[in-house]
Structures are given as C-alpha cells and as structure tokens.
$ cat upload_34.cif   # mmCIF, C-alpha atoms
data_start
#
loop_
_atom_site.group_PDB
_atom_site.id
_atom_site.type_symbol
_atom_site.label_atom_id
_atom_site.label_comp_id
_atom_site.auth_asym_id
_atom_site.auth_seq_id
_atom_site.Cartn_x
_atom_site.Cartn_y
_atom_site.Cartn_z
ATOM 1 C CA MET A 1 -17.703 -3.197 -0.359
ATOM 2 C CA PRO A 2 -17.392 -4.542 -3.930
ATOM 3 C CA LEU A 3 -15.575 -7.862 -4.282
ATOM 4 C CA LYS A 4 -13.218 -6.316 -6.852
ATOM 5 C CA ASN A 5 -12.026 -3.735 -4.329
ATOM 6 C CA SER A 6 -11.476 -6.407 -1.676
ATOM 7 C CA LEU A 7 -9.460 -8.574 -4.058
ATOM 8 C CA CYS A 8 -7.309 -5.615 -5.178
ATOM 9 C CA LEU A 9 -6.447 -4.738 -1.567
ATOM 10 C CA LEU A 10 -5.867 -8.385 -0.625
ATOM 11 C CA LEU A 11 -3.521 -8.883 -3.577
ATOM 12 C CA ALA A 12 -1.628 -5.717 -2.613
ATOM 13 C CA ALA A 13 -1.241 -7.025 0.944
ATOM 14 C CA THR A 14 0.040 -10.361 -0.421
ATOM 15 C CA ILE A 15 2.698 -8.681 -2.559
ATOM 16 C CA TRP A 16 3.788 -6.457 0.348
ATOM 17 C CA GLY A 17 3.967 -9.424 2.716
ATOM 18 C CA ILE A 18 6.388 -11.211 0.411
ATOM 19 C CA ALA A 19 8.283 -7.943 -0.138
ATOM 20 C CA PHE A 20 9.532 -8.056 3.480
ATOM 21 C CA VAL A 21 11.967 -10.730 2.286
ATOM 22 C CA ALA A 22 13.131 -8.528 -0.601
ATOM 23 C CA GLN A 23 13.594 -5.530 1.700
ATOM 24 C CA SER A 24 15.667 -7.533 4.148
ATOM 25 C CA VAL A 25 17.899 -9.094 1.484
ATOM 26 C CA GLY A 26 18.315 -5.840 -0.458
ATOM 27 C CA MET A 27 19.555 -3.986 2.627
ATOM 28 C CA GLU A 28 22.590 -6.278 2.705
ATOM 29 C CA TYR A 29 23.947 -4.530 -0.401
ATOM 30 C CA VAL A 30 22.571 -0.967 -0.477
ATOM 31 C CA GLY A 31 21.435 1.669 2.025
ATOM 32 C CA PRO A 32 17.786 2.349 2.924
ATOM 33 C CA PHE A 33 17.469 5.573 0.917
ATOM 34 C CA THR A 34 19.139 3.970 -2.107
ATOM 35 C CA PHE A 35 16.901 0.904 -1.939
ATOM 36 C CA ASN A 36 13.691 2.967 -1.700
ATOM 37 C CA GLY A 37 14.858 5.483 -4.284
ATOM 38 C CA VAL A 38 15.755 2.936 -6.947
ATOM 39 C CA ARG A 39 12.701 0.751 -6.401
ATOM 40 C CA SER A 40 10.353 3.768 -6.486
ATOM 41 C CA LEU A 41 11.840 5.034 -9.756
ATOM 42 C CA ILE A 42 11.504 1.523 -11.202
ATOM 43 C CA GLY A 43 7.879 1.471 -10.047
ATOM 44 C CA ALA A 44 7.213 4.771 -11.824
ATOM 45 C CA ALA A 45 8.949 3.582 -15.002
ATOM 46 C CA VAL A 46 6.928 0.346 -15.068
ATOM 47 C CA LEU A 47 3.658 2.294 -14.993
ATOM 48 C CA VAL A 48 4.517 4.583 -17.935
ATOM 49 C CA PRO A 49 3.792 1.938 -20.644
ATOM 50 C CA VAL A 50 0.715 0.841 -18.679
ATOM 51 C CA ILE A 51 -0.639 4.403 -18.823
ATOM 52 C CA PHE A 52 0.151 4.547 -22.544
ATOM 53 C CA LEU A 53 -1.715 1.285 -23.237
ATOM 54 C CA LEU A 54 -4.712 2.346 -21.141
ATOM 55 C CA ASN A 55 -4.924 5.663 -22.984
ATOM 56 C CA ARG A 56 -4.798 3.852 -26.325
ATOM 57 C CA SER A 57 -7.587 1.489 -25.248
ATOM 58 C CA LYS A 58 -9.715 4.461 -24.175
ATOM 59 C CA ASP A 59 -9.132 6.167 -27.522
ATOM 60 C CA THR A 60 -10.110 2.967 -29.338
ATOM 61 C CA ALA A 61 -13.264 2.647 -27.249
ATOM 62 C CA SER A 62 -14.113 6.273 -27.925
ATOM 63 C CA THR A 63 -13.734 5.777 -31.698
ATOM 64 C CA ALA A 64 -15.875 2.633 -31.630
ATOM 65 C CA ALA A 65 -18.539 4.392 -29.579
ATOM 66 C CA ASP A 66 -18.921 7.202 -32.112
ATOM 67 C CA SER A 67 -19.887 4.836 -34.921
ATOM 68 C CA PRO A 68 -23.297 3.483 -33.731
ATOM 69 C CA ALA A 69 -24.323 6.785 -32.132
ATOM 70 C CA ALA A 70 -26.621 7.831 -34.972
ATOM 71 C CA GLU A 71 -28.212 4.399 -35.311
ATOM 72 C CA PHE A 72 -28.673 3.798 -31.584
ATOM 73 C CA PRO A 73 -28.989 7.228 -29.957
ATOM 74 C CA ALA A 74 -29.425 6.052 -26.375
ATOM 75 C CA THR A 75 -26.468 3.674 -26.424
ATOM 76 C CA GLY A 76 -24.342 6.005 -28.476
ATOM 77 C CA ALA A 77 -24.915 8.930 -26.159
ATOM 78 C CA LYS A 78 -23.957 6.838 -23.183
ATOM 79 C CA ASN A 79 -20.797 5.472 -24.742
ATOM 80 C CA ALA A 80 -19.754 8.707 -26.385
ATOM 81 C CA ASP A 81 -19.346 10.362 -23.002
ATOM 82 C CA THR A 82 -15.712 9.368 -22.776
ATOM 83 C CA SER A 83 -14.305 12.675 -21.592
ATOM 84 C CA SER A 84 -12.261 12.266 -18.434
ATOM 85 C CA PRO A 85 -14.024 13.470 -15.260
ATOM 86 C CA TYR A 86 -10.666 13.998 -13.571
ATOM 87 C CA LYS A 87 -8.823 17.294 -13.231
ATOM 88 C CA THR A 88 -5.109 17.576 -13.953
ATOM 89 C CA ARG A 89 -4.681 19.804 -10.903
ATOM 90 C CA ASP A 90 -6.112 17.141 -8.570
ATOM 91 C CA LEU A 91 -3.890 14.503 -10.168
ATOM 92 C CA TRP A 92 -0.652 16.403 -9.584
ATOM 93 C CA ILE A 93 -1.538 17.658 -6.117
ATOM 94 C CA GLY A 94 -2.649 14.162 -5.117
ATOM 95 C CA GLY A 95 0.410 12.504 -6.655
ATOM 96 C CA ILE A 96 2.816 14.865 -4.918
ATOM 97 C CA ALA A 97 0.997 14.539 -1.571
ATOM 98 C CA CYS A 98 0.954 10.722 -1.814
ATOM 99 C CA GLY A 99 4.614 10.707 -2.874
ATOM 100 C CA ILE A 100 5.717 12.803 0.094
ATOM 101 C CA ALA A 101 3.754 10.613 2.528
ATOM 102 C CA LEU A 102 5.112 7.439 0.927
ATOM 103 C CA PHE A 103 8.684 8.778 0.999
ATOM 104 C CA ALA A 104 8.491 9.509 4.727
ATOM 105 C CA ALA A 105 6.683 6.283 5.689
ATOM 106 C CA SER A 106 8.757 3.859 3.595
ATOM 107 C CA ASN A 107 12.096 5.294 4.712
ATOM 108 C CA PHE A 108 11.163 5.288 8.399
ATOM 109 C CA GLN A 109 10.154 1.639 7.942
ATOM 110 C CA GLN A 110 13.352 0.771 6.087
ATOM 111 C CA PHE A 111 15.553 2.300 8.797
ATOM 112 C CA GLY A 112 13.414 0.757 11.551
ATOM 113 C CA ILE A 113 13.866 -2.754 10.154
ATOM 114 C CA LYS A 114 17.635 -2.335 10.683
ATOM 115 C CA TYR A 115 17.225 -1.938 14.454
ATOM 116 C CA THR A 116 14.349 -4.216 15.416
ATOM 117 C CA THR A 117 13.065 -7.713 14.698
ATOM 118 C CA VAL A 118 10.847 -8.414 11.708
ATOM 119 C CA GLY A 119 8.023 -9.638 13.980
ATOM 120 C CA LYS A 120 7.971 -6.478 16.068
ATOM 121 C CA ALA A 121 8.299 -4.315 12.946
ATOM 122 C CA GLY A 122 5.326 -6.084 11.375
ATOM 123 C CA PHE A 123 3.187 -5.637 14.474
ATOM 124 C CA ILE A 124 4.051 -1.965 15.020
ATOM 125 C CA THR A 125 3.661 -1.079 11.332
ATOM 126 C CA ALA A 126 0.211 -2.667 11.324
ATOM 127 C CA CYS A 127 -0.833 -0.325 14.113
ATOM 128 C CA TYR A 128 -2.117 1.886 11.304
ATOM 129 C CA ILE A 129 -5.297 -0.191 11.517
ATOM 130 C CA VAL A 130 -5.929 1.597 14.823
ATOM 131 C CA ILE A 131 -4.464 4.976 13.849
ATOM 132 C CA VAL A 132 -6.574 5.273 10.661
ATOM 133 C CA PRO A 133 -9.996 5.116 12.378
ATOM 134 C CA ILE A 134 -8.781 7.419 15.167
ATOM 135 C CA ILE A 135 -7.633 10.044 12.653
ATOM 136 C CA GLY A 136 -10.745 9.377 10.573
ATOM 137 C CA PHE A 137 -12.903 10.017 13.641
ATOM 138 C CA PHE A 138 -11.494 13.544 13.893
ATOM 139 C CA LEU A 139 -12.099 13.953 10.151
ATOM 140 C CA LYS A 140 -15.767 12.997 10.736
ATOM 141 C CA LYS A 141 -15.532 9.610 9.010
ATOM 142 C CA LYS A 142 -17.994 7.307 10.738
ATOM 143 C CA CYS A 143 -17.152 3.713 11.674
ATOM 144 C CA SER A 144 -19.691 1.135 12.771
ATOM 145 C CA PRO A 145 -19.285 -0.901 15.991
ATOM 146 C CA PHE A 146 -18.508 -3.929 13.814
ATOM 147 C CA ILE A 147 -15.469 -2.158 12.364
ATOM 148 C CA TRP A 148 -14.193 -1.128 15.805
ATOM 149 C CA ALA A 149 -14.631 -4.727 16.982
ATOM 150 C CA ALA A 150 -12.707 -5.881 13.911
ATOM 151 C CA VAL A 151 -9.892 -3.458 14.766
ATOM 152 C CA VAL A 152 -9.591 -4.962 18.256
ATOM 153 C CA MET A 153 -9.637 -8.505 16.834
ATOM 154 C CA ALA A 154 -6.994 -7.595 14.262
ATOM 155 C CA LEU A 155 -4.718 -6.193 16.970
ATOM 156 C CA ILE A 156 -5.094 -9.380 19.010
ATOM 157 C CA GLY A 157 -4.356 -11.471 15.922
ATOM 158 C CA LEU A 158 -1.297 -9.397 15.039
ATOM 159 C CA TYR A 159 0.031 -9.697 18.582
ATOM 160 C CA LEU A 160 -0.340 -13.491 18.580
ATOM 161 C CA LEU A 161 1.200 -13.663 15.122
ATOM 162 C CA CYS A 162 4.162 -11.300 15.434
ATOM 163 C CA ILE A 163 5.219 -10.930 19.070
ATOM 164 C CA THR A 164 7.054 -14.070 20.131
ATOM 165 C CA ASP A 165 9.899 -12.828 22.312
ATOM 166 C CA GLY A 166 8.328 -10.259 24.626
ATOM 167 C CA PHE A 167 7.664 -6.602 23.926
ATOM 168 C CA SER A 168 10.173 -3.821 24.499
ATOM 169 C CA ILE A 169 10.694 -0.397 22.951
ATOM 170 C CA GLY A 170 13.960 0.462 21.204
ATOM 171 C CA LEU A 171 15.147 2.847 18.498
ATOM 172 C CA GLY A 172 13.868 0.620 15.698
ATOM 173 C CA ASP A 173 10.475 0.297 17.383
ATOM 174 C CA VAL A 174 10.129 4.090 17.627
ATOM 175 C CA LEU A 175 11.083 4.514 13.960
ATOM 176 C CA VAL A 176 8.552 1.897 12.852
ATOM 177 C CA LEU A 177 5.866 3.460 15.073
ATOM 178 C CA VAL A 178 6.427 6.775 13.285
ATOM 179 C CA CYS A 179 6.215 4.804 10.035
ATOM 180 C CA ALA A 180 2.806 3.412 11.087
ATOM 181 C CA PHE A 181 1.492 6.936 11.687
ATOM 182 C CA LEU A 182 2.837 8.099 8.314
ATOM 183 C CA PHE A 183 1.293 5.113 6.504
ATOM 184 C CA SER A 184 -2.015 6.060 8.161
ATOM 185 C CA LEU A 185 -1.730 9.523 6.635
ATOM 186 C CA HIS A 186 -0.831 7.919 3.290
ATOM 187 C CA ILE A 187 -3.997 5.794 3.400
ATOM 188 C CA LEU A 188 -6.146 8.834 4.213
ATOM 189 C CA VAL A 189 -4.536 10.942 1.476
ATOM 190 C CA ILE A 190 -5.266 8.179 -1.042
ATOM 191 C CA ASP A 191 -8.822 7.959 0.312
ATOM 192 C CA TYR A 192 -9.267 11.656 -0.476
ATOM 193 C CA PHE A 193 -7.652 11.790 -3.924
ATOM 194 C CA SER A 194 -8.360 8.353 -5.454
ATOM 195 C CA PRO A 195 -12.018 9.125 -6.363
ATOM 196 C CA LYS A 196 -10.879 12.362 -8.032
ATOM 197 C CA THR A 197 -8.012 11.041 -10.142
ATOM 198 C CA ASP A 198 -6.901 8.243 -12.445
ATOM 199 C CA GLY A 199 -5.468 5.588 -10.124
ATOM 200 C CA VAL A 200 -2.587 4.434 -12.343
ATOM 201 C CA LYS A 201 -1.430 7.981 -13.128
ATOM 202 C CA LEU A 202 -1.679 8.936 -9.449
ATOM 203 C CA SER A 203 0.433 5.914 -8.538
ATOM 204 C CA CYS A 204 3.053 6.739 -11.177
ATOM 205 C CA ILE A 205 3.438 10.322 -9.939
ATOM 206 C CA GLN A 206 3.686 9.272 -6.284
ATOM 207 C CA PHE A 207 6.537 6.851 -7.109
ATOM 208 C CA LEU A 208 8.352 9.476 -9.146
ATOM 209 C CA VAL A 209 8.127 11.937 -6.238
ATOM 210 C CA CYS A 210 9.116 9.297 -3.675
ATOM 211 C CA GLY A 211 12.035 8.129 -5.831
ATOM 212 C CA ILE A 212 13.421 11.630 -6.368
ATOM 213 C CA LEU A 213 13.071 12.553 -2.694
ATOM 214 C CA SER A 214 14.772 9.297 -1.638
ATOM 215 C CA MET A 215 17.673 9.603 -4.077
ATOM 216 C CA ILE A 216 18.655 13.067 -2.803
ATOM 217 C CA PRO A 217 19.746 11.856 0.683
ATOM 218 C CA ALA A 218 20.968 8.584 -0.897
ATOM 219 C CA LEU A 219 23.469 10.457 -3.087
ATOM 220 C CA VAL A 220 24.543 12.746 -0.235
ATOM 221 C CA LEU A 221 24.715 10.242 2.631
ATOM 222 C CA GLU A 222 25.063 6.743 1.153
ATOM 223 C CA HIS A 223 27.038 7.342 -2.089
ATOM 224 C CA PRO A 224 25.454 4.368 -3.901
ATOM 225 C CA GLN A 225 27.568 2.318 -6.309
ATOM 226 C CA ILE A 226 26.180 0.856 -9.532
ATOM 227 C CA SER A 227 27.868 -2.459 -8.715
ATOM 228 C CA SER A 228 26.048 -2.698 -5.374
ATOM 229 C CA ILE A 229 22.703 -1.929 -7.000
ATOM 230 C CA LEU A 230 23.318 -4.582 -9.665
ATOM 231 C CA THR A 231 24.251 -7.113 -6.985
ATOM 232 C CA ALA A 232 20.874 -6.517 -5.333
ATOM 233 C CA TRP A 233 19.009 -6.563 -8.665
ATOM 234 C CA LEU A 234 16.531 -9.317 -7.749
ATOM 235 C CA PRO A 235 15.118 -7.856 -4.486
ATOM 236 C CA ILE A 236 15.174 -4.348 -5.983
ATOM 237 C CA LEU A 237 13.267 -5.473 -9.086
ATOM 238 C CA TYR A 238 10.684 -7.321 -7.003
ATOM 239 C CA ALA A 239 10.242 -4.325 -4.705
ATOM 240 C CA GLY A 240 10.134 -1.943 -7.676
ATOM 241 C CA ILE A 241 7.898 -3.820 -10.105
ATOM 242 C CA MET A 242 5.662 -5.833 -7.775
ATOM 243 C CA SER A 243 5.643 -3.937 -4.476
ATOM 244 C CA CYS A 244 5.646 -0.443 -6.018
ATOM 245 C CA GLY A 245 4.355 -0.673 -9.576
ATOM 246 C CA VAL A 246 1.693 -3.321 -8.966
ATOM 247 C CA ALA A 247 0.752 -3.330 -5.267
ATOM 248 C CA TYR A 248 0.507 0.415 -4.623
ATOM 249 C CA THR A 249 -1.535 0.804 -7.808
ATOM 250 C CA LEU A 250 -3.859 -1.960 -6.588
ATOM 251 C CA GLN A 251 -4.165 -0.069 -3.301
ATOM 252 C CA ILE A 252 -5.213 3.148 -5.037
ATOM 253 C CA VAL A 253 -7.689 1.336 -7.315
ATOM 254 C CA GLY A 254 -9.022 -0.824 -4.465
ATOM 255 C CA GLN A 255 -9.511 2.086 -2.071
ATOM 256 C CA LYS A 256 -11.875 3.978 -4.363
ATOM 257 C CA ASN A 257 -15.140 4.617 -2.488
ATOM 258 C CA VAL A 258 -14.104 2.250 0.322
ATOM 259 C CA ASN A 259 -14.069 3.093 4.038
ATOM 260 C CA PRO A 260 -10.374 3.739 4.811
ATOM 261 C CA THR A 261 -10.627 1.788 8.081
ATOM 262 C CA VAL A 262 -11.841 -1.319 6.227
ATOM 263 C CA ALA A 263 -9.096 -0.806 3.634
ATOM 264 C CA SER A 264 -6.436 -0.563 6.348
ATOM 265 C CA LEU A 265 -7.710 -3.792 7.923
ATOM 266 C CA ILE A 266 -7.353 -5.692 4.656
ATOM 267 C CA LEU A 267 -3.941 -4.175 3.963
ATOM 268 C CA SER A 268 -2.761 -5.169 7.449
ATOM 269 C CA LEU A 269 -2.937 -8.795 6.271
ATOM 270 C CA GLU A 270 0.569 -8.204 4.903
ATOM 271 C CA SER A 271 1.794 -9.128 8.402
ATOM 272 C CA CYS A 272 0.059 -12.501 8.210
ATOM 273 C CA ILE A 273 1.260 -13.095 4.683
ATOM 274 C CA SER A 274 4.859 -12.179 5.515
ATOM 275 C CA VAL A 275 4.919 -14.896 8.179
ATOM 276 C CA LEU A 276 3.231 -17.389 5.831
ATOM 277 C CA ALA A 277 5.746 -16.494 3.092
ATOM 278 C CA GLY A 278 8.575 -17.195 5.513
ATOM 279 C CA TRP A 279 6.995 -20.555 6.276
ATOM 280 C CA VAL A 280 6.529 -21.529 2.599
ATOM 281 C CA ILE A 281 9.612 -19.952 1.019
ATOM 282 C CA LEU A 282 12.164 -20.066 3.839
ATOM 283 C CA GLY A 283 10.909 -23.165 5.641
ATOM 284 C CA GLN A 284 10.102 -21.314 8.874
ATOM 285 C CA LYS A 285 7.480 -23.118 10.959
ATOM 286 C CA LEU A 286 4.379 -21.517 12.447
ATOM 287 C CA SER A 287 3.526 -22.154 16.073
ATOM 288 C CA ALA A 288 -0.010 -22.831 17.251
ATOM 289 C CA LYS A 289 -0.180 -19.271 18.583
ATOM 290 C CA GLU A 290 0.850 -17.817 15.226
ATOM 291 C CA LEU A 291 -1.721 -19.928 13.381
ATOM 292 C CA LEU A 292 -4.380 -18.701 15.814
ATOM 293 C CA GLY A 293 -3.302 -15.142 15.059
ATOM 294 C CA CYS A 294 -3.818 -15.747 11.324
ATOM 295 C CA VAL A 295 -7.299 -17.132 11.932
ATOM 296 C CA ILE A 296 -8.290 -14.148 14.100
ATOM 297 C CA MET A 297 -6.935 -11.723 11.499
ATOM 298 C CA PHE A 298 -9.008 -13.263 8.699
ATOM 299 C CA ALA A 299 -12.073 -13.286 10.958
ATOM 300 C CA ALA A 300 -11.533 -9.574 11.623
ATOM 301 C CA ILE A 301 -11.478 -8.827 7.892
ATOM 302 C CA ILE A 302 -14.747 -10.696 7.347
ATOM 303 C CA LEU A 303 -16.382 -8.939 10.319
ATOM 304 C CA ALA A 304 -15.284 -5.528 9.017
ATOM 305 C CA GLN A 305 -17.155 -6.100 5.751
ATOM 306 C CA LEU A 306 -20.448 -7.303 7.244
ATOM 307 C CA PRO A 307 -21.888 -3.796 7.869
ATOM 308 C CA GLU A 308 -21.174 -2.803 4.294
ATOM 309 C CA LYS A 309 -23.142 -5.756 2.956
ATOM 310 C CA SER A 310 -26.057 -5.379 5.336
ATOM 311 C CA SER A 311 -26.393 -1.638 4.702
ATOM 312 C CA ALA A 312 -26.624 -2.248 0.964
ATOM 313 C CA LYS A 313 -29.842 -4.211 1.385
#

$ encode --input "upload_34.cif" --output "structure tokens"
Amino acid sequence: MPLKNSLCLLLAATIWGIAFVAQSVGMEYVGPFTFNGVRSLIGAAVLVPVIFLLNRSKDTASTAADSPAAEFPATGAKNADTSSPYKTRDLWIGGIACGIALFAASNFQQFGIKYTTVGKAGFITACYIVIVPIIGFFLKKKCSPFIWAAVVMALIGLYLLCITDGFSIGLGDVLVLVCAFLFSLHILVIDYFSPKTDGVKLSCIQFLVCGILSMIPALVLEHPQISSILTAWLPILYAGIMSCGVAYTLQIVGQKNVNPTVASLILSLESCISVLAGWVILGQKLSAKELLGCVIMFAAIILAQLPEKSSAK
C-alpha cells in the first residue's frame, strides 16, 4: 500500500488513541449522546472552510491549466481534465450511510466506556480487526495468509496490552462488542464509497448526519445545558476538531484503494497509542507485558503490508 495511505491511517489512529482521554474527561460533565452530538457537529463545521479552500485551489488550478493548453497540447489536455469524476448521488448516499454507522458505533462505545474499564473497552473495540476480514470474506474480499497471521498477532498484542485484570463479560463489554461490529461495518462502508466520492466532503456529511442523529436523543433524554458543554469545552473541542474533523477525514483519505483488513489493522493501533498516551501524559507506567504487546502490534502491522509490496513487483 502507498506510504501516504499508511501515514494517514497511522495519524488517525494516533489522534483517536489520545481522544480516549478526552472522551473520559468529557463524560464527567455531559451525557454520551450530548458529547457525540456536539463533537460531531463541530467536526462538520471545521470541514466546511476546508472544502471551500480546496474548491478554490481546484478552480485556480483549472484556470492555470487552460492557459498553456494551446502552446503545449499534450500537457494542456492532461491538466484541463479537471472535471470531477465523482457523482453527487454517491456522495450523499455514502455520507448518510457512513453517518448512520458512525452514530451507532460511537454511541455504543461511549455508553460502554461508562460500564467497563478502559483496557477492556480498548481490547473489545479493536476486535474489528477480526470482524472486518470475516465480513469481507463473505463479501468476496480476498485476504492473504500474511494478513490473517497479522490479525492473530494483533489480537495477541492487544490482549497483552489491554487485559491486565482478568477477562469477564458485563454490560459495558457487551455494548463495546456491539460497537466493534458497528465500526467494522463503518470501515467497510467507507471502503465502498471512498473511491467514488470526495473524501473531505464525505467526512463532512457523515459528521453532520451523526451529529443530528445524536442530538435528537440528547435533547429528549439528557437535556443538555450550555453551561455543562462550556465546562467540557477542551475535551469536546479536541474530540470535535481532531478526532472528528481531522482523524476521520484521514481515515477516509487513507482507506482509498486499500484492503479494508489492512486498514483496520493500522487503525487498531489506537489501543497501543491510548496506553502510550496515558504513560506520557498521565504518568502511567507500562509493564513488561504491555510493552511486549506494543511490539507485537507493530510487528503485525508490518507483516500485513508485506504482501502488498511483494505483489507490486
């Protein structure tokens, strides 16, 4: 897979890993639906000027390309083809589908975090690295033996990294397990629509849909107060601007023409990064077992990309 795609997905995983802190702190002031609703609407709002600037840059490039067309026919013809290959219908259908999937997954995760430990939530959420290839298998998406081996290694690494106090199933665990399945669907929906649409516009629409859907139950069930939202301004802004506006857009851009199983493996690094962020920011120490889990996780990511490189030769 291209290095640019890998870096986009890795950066998204880094932002999400740190966002676990913001989600935990923000829940002390506002309810889960309110937190997700406000941060999603902020994410959509942040992307509006980005879309405007990108459209202006495309218009400028189009104008510049028209000038040398007569003097350099070959170059001019190539550059003058600036018409968008994307269909508006695909953009809106994809944005709404991604928004619905994101709404369901993020809210199940937010509620699950209330009733289980962060370590167990991180491990169960990252089970999408197994669910994605299983669903993809039924959708006739092929995975090499190297990728399946990487999935097993990643699961072992996540277990060593996240599970420190035994494994038991409670209400929060069930909610987060449902969240993992829904995030798997979200990854596969993005895999289908991202090559057909503009990534930034698709991301903006999905946040708008997710924000509206989240605010409906928030207003009915949680009755959010402006004062509470303002008190939690820092974690909400981080989750809205960085986690939503930046990271999810990086996911859509990074997943273009990339095997969804490989993408899910890279994105699962958010579990590693969340523990590392706790170590660096909060002063939490890593045990030898947790460090070993990080090493195995990174090895799994490298192994998952080997078939892509060898097949390109």

$ resolve_selection --input "upload_34.cif" --expression "the PyMOL selection byres ((chain A and resi 106) around 10)" --output "mmCIF file with C-alpha atoms, in the coordinates of the input"
data_model
loop_
_atom_site.group_PDB
_atom_site.id
_atom_site.type_symbol
_atom_site.label_atom_id
_atom_site.label_comp_id
_atom_site.auth_asym_id
_atom_site.auth_seq_id
_atom_site.Cartn_x
_atom_site.Cartn_y
_atom_site.Cartn_z
ATOM 1 C CA PRO A 32 17.786 2.349 2.924
ATOM 2 C CA PHE A 33 17.469 5.573 0.917
ATOM 3 C CA ASN A 36 13.691 2.967 -1.700
ATOM 4 C CA ALA A 101 3.754 10.613 2.528
ATOM 5 C CA LEU A 102 5.112 7.439 0.927
ATOM 6 C CA PHE A 103 8.684 8.778 0.999
ATOM 7 C CA ALA A 104 8.491 9.509 4.727
ATOM 8 C CA ALA A 105 6.683 6.283 5.689
ATOM 9 C CA ASN A 107 12.096 5.294 4.712
ATOM 10 C CA PHE A 108 11.163 5.288 8.399
ATOM 11 C CA GLN A 109 10.154 1.639 7.942
ATOM 12 C CA GLN A 110 13.352 0.771 6.087
ATOM 13 C CA PHE A 111 15.553 2.300 8.797
ATOM 14 C CA GLY A 112 13.414 0.757 11.551
ATOM 15 C CA VAL A 176 8.552 1.897 12.852
ATOM 16 C CA CYS A 179 6.215 4.804 10.035
ATOM 17 C CA ALA A 180 2.806 3.412 11.087
ATOM 18 C CA LEU A 182 2.837 8.099 8.314
ATOM 19 C CA PHE A 183 1.293 5.113 6.504
ATOM 20 C CA CYS A 210 9.116 9.297 -3.675
ATOM 21 C CA SER A 214 14.772 9.297 -1.638
#

$ closest_atom_pairs --input "upload_34.cif" --of "stretch 132-241 of chain A" --to "stretch 88-97 of chain A" --cutoff "6 Å" --atoms "all atoms listed in the file" --output "JSON lines"
{"residue": "A:Phe193", "atom": "CA", "partner": "A:Gly94", "partner_atom": "CA", "distance": 5.7}
{"residue": "A:Thr197", "atom": "CA", "partner": "A:Leu91", "partner_atom": "CA", "distance": 5.4}
{"residue": "A:Leu202", "atom": "CA", "partner": "A:Gly95", "partner_atom": "CA", "distance": 5.0}
{"residue": "A:Ile205", "atom": "CA", "partner": "A:Gly95", "partner_atom": "CA", "distance": 5.0}
{"residue": "A:Gln206", "atom": "CA", "partner": "A:Gly95", "partner_atom": "CA", "distance": 4.6}

$ resolve_selection --input "upload_34.cif" --expression "the PyMOL selection byres ((chain A and resi 158) around 9)" --output "CSV table (one decimal) with C-alpha atoms, keeping the file's coordinate frame"
chain,number,residue,atom,x,y,z
A,122,GLY,CA,5.3,-6.1,11.4
A,123,PHE,CA,3.2,-5.6,14.5
A,126,ALA,CA,0.2,-2.7,11.3
A,153,MET,CA,-9.6,-8.5,16.8
A,154,ALA,CA,-7.0,-7.6,14.3
A,155,LEU,CA,-4.7,-6.2,17.0
A,156,ILE,CA,-5.1,-9.4,19.0
A,157,GLY,CA,-4.4,-11.5,15.9
A,159,TYR,CA,0.0,-9.7,18.6
A,160,LEU,CA,-0.3,-13.5,18.6
A,161,LEU,CA,1.2,-13.7,15.1
A,162,CYS,CA,4.2,-11.3,15.4
A,163,ILE,CA,5.2,-10.9,19.1
A,268,SER,CA,-2.8,-5.2,7.4
A,269,LEU,CA,-2.9,-8.8,6.3
A,271,SER,CA,1.8,-9.1,8.4
A,272,CYS,CA,0.1,-12.5,8.2
A,290,GLU,CA,0.8,-17.8,15.2
A,293,GLY,CA,-3.3,-15.1,15.1
A,294,CYS,CA,-3.8,-15.7,11.3
A,296,ILE,CA,-8.3,-14.1,14.1
A,297,MET,CA,-6.9,-11.7,11.5

$ atom_distance --input "upload_34.cif" --atom1 "atom CA of A:Ser264" --atom2 "atom CA of A:Ile129"
5.3 Å

$ closest_residue --input "upload_34.cif" --among "A:Ile273, A:Leu265, A:Val209, A:Val220" --to "A:Ser40" --atoms "all atoms listed in the file"
A:Val209

$ atom_distance --input "upload_34.cif" --atom1 "atom CA of A:Leu41" --atom2 "atom CA of A:Leu185"
21.7 Å

$ closest_residue --input "upload_34.cif" --among "A:Val262, A:Ile124, A:Val178, A:Val253" --to "A:Lys141" --atoms "only C-alpha atoms"
A:Val262

$ residues_around --input "upload_34.cif" --residues "A:Pro133" --least-positions-apart "4" --cutoff "12 Å" --atoms "only C-alpha atoms" --output "ChimeraX atom specification"
/A:127-129,137-145,147-152,181,184-185,187-188,259-265

$ residues_around --input "upload_34.cif" --residues "stretch 10-16 of chain A" --least-positions-apart "2" --cutoff "10 Å" --atoms "all atoms listed in the file" --output "ChimeraX atom specification"
/A:4-8,18-23,238-239,242-244,246-252,254,263-274,276-277

$ closest_atom_pairs --input "upload_34.cif" --of "stretch 146-225 of chain A" --to "stretch 48-58 of chain A" --cutoff "12 Å" --atoms "only C-alpha atoms" --output "tab-separated table"
residue	atom	partner	partner_atom	distance
A:Asp198	CA	A:Ile51	CA	9.7
A:Gly199	CA	A:Ile51	CA	10.0
A:Val200	CA	A:Ile51	CA	6.8
A:Lys201	CA	A:Ile51	CA	6.8
A:Leu202	CA	A:Ile51	CA	10.5
A:Ser203	CA	A:Val48	CA	10.3
A:Cys204	CA	A:Val48	CA	7.2
A:Ile205	CA	A:Val48	CA	9.9
A:Phe207	CA	A:Val48	CA	11.2
A:Leu208	CA	A:Val48	CA	10.8

$ atom_distance --input "upload_34.cif" --atom1 "atom CA of A:Val295" --atom2 "atom CA of A:Leu3"
20.4 Å

$ resolve_selection --input "upload_34.cif" --expression "the PyMOL selection byres ((chain A and resi 236) around 8)" --output "ChimeraX atom specification"
/A:22-23,26,35,38-39,229,232-235,237-240

$ closest_residue --input "upload_34.cif" --among "A:Ile302, A:Ile241, A:Val275, A:Leu175" --to "A:Val46" --atoms "only C-alpha atoms"
A:Ile241

$ closest_residue --input "upload_34.cif" --among "A:Ile42, A:Cys98, A:Leu221, A:Val30" --to "A:Ser194" --atoms "only C-alpha atoms"
A:Cys98
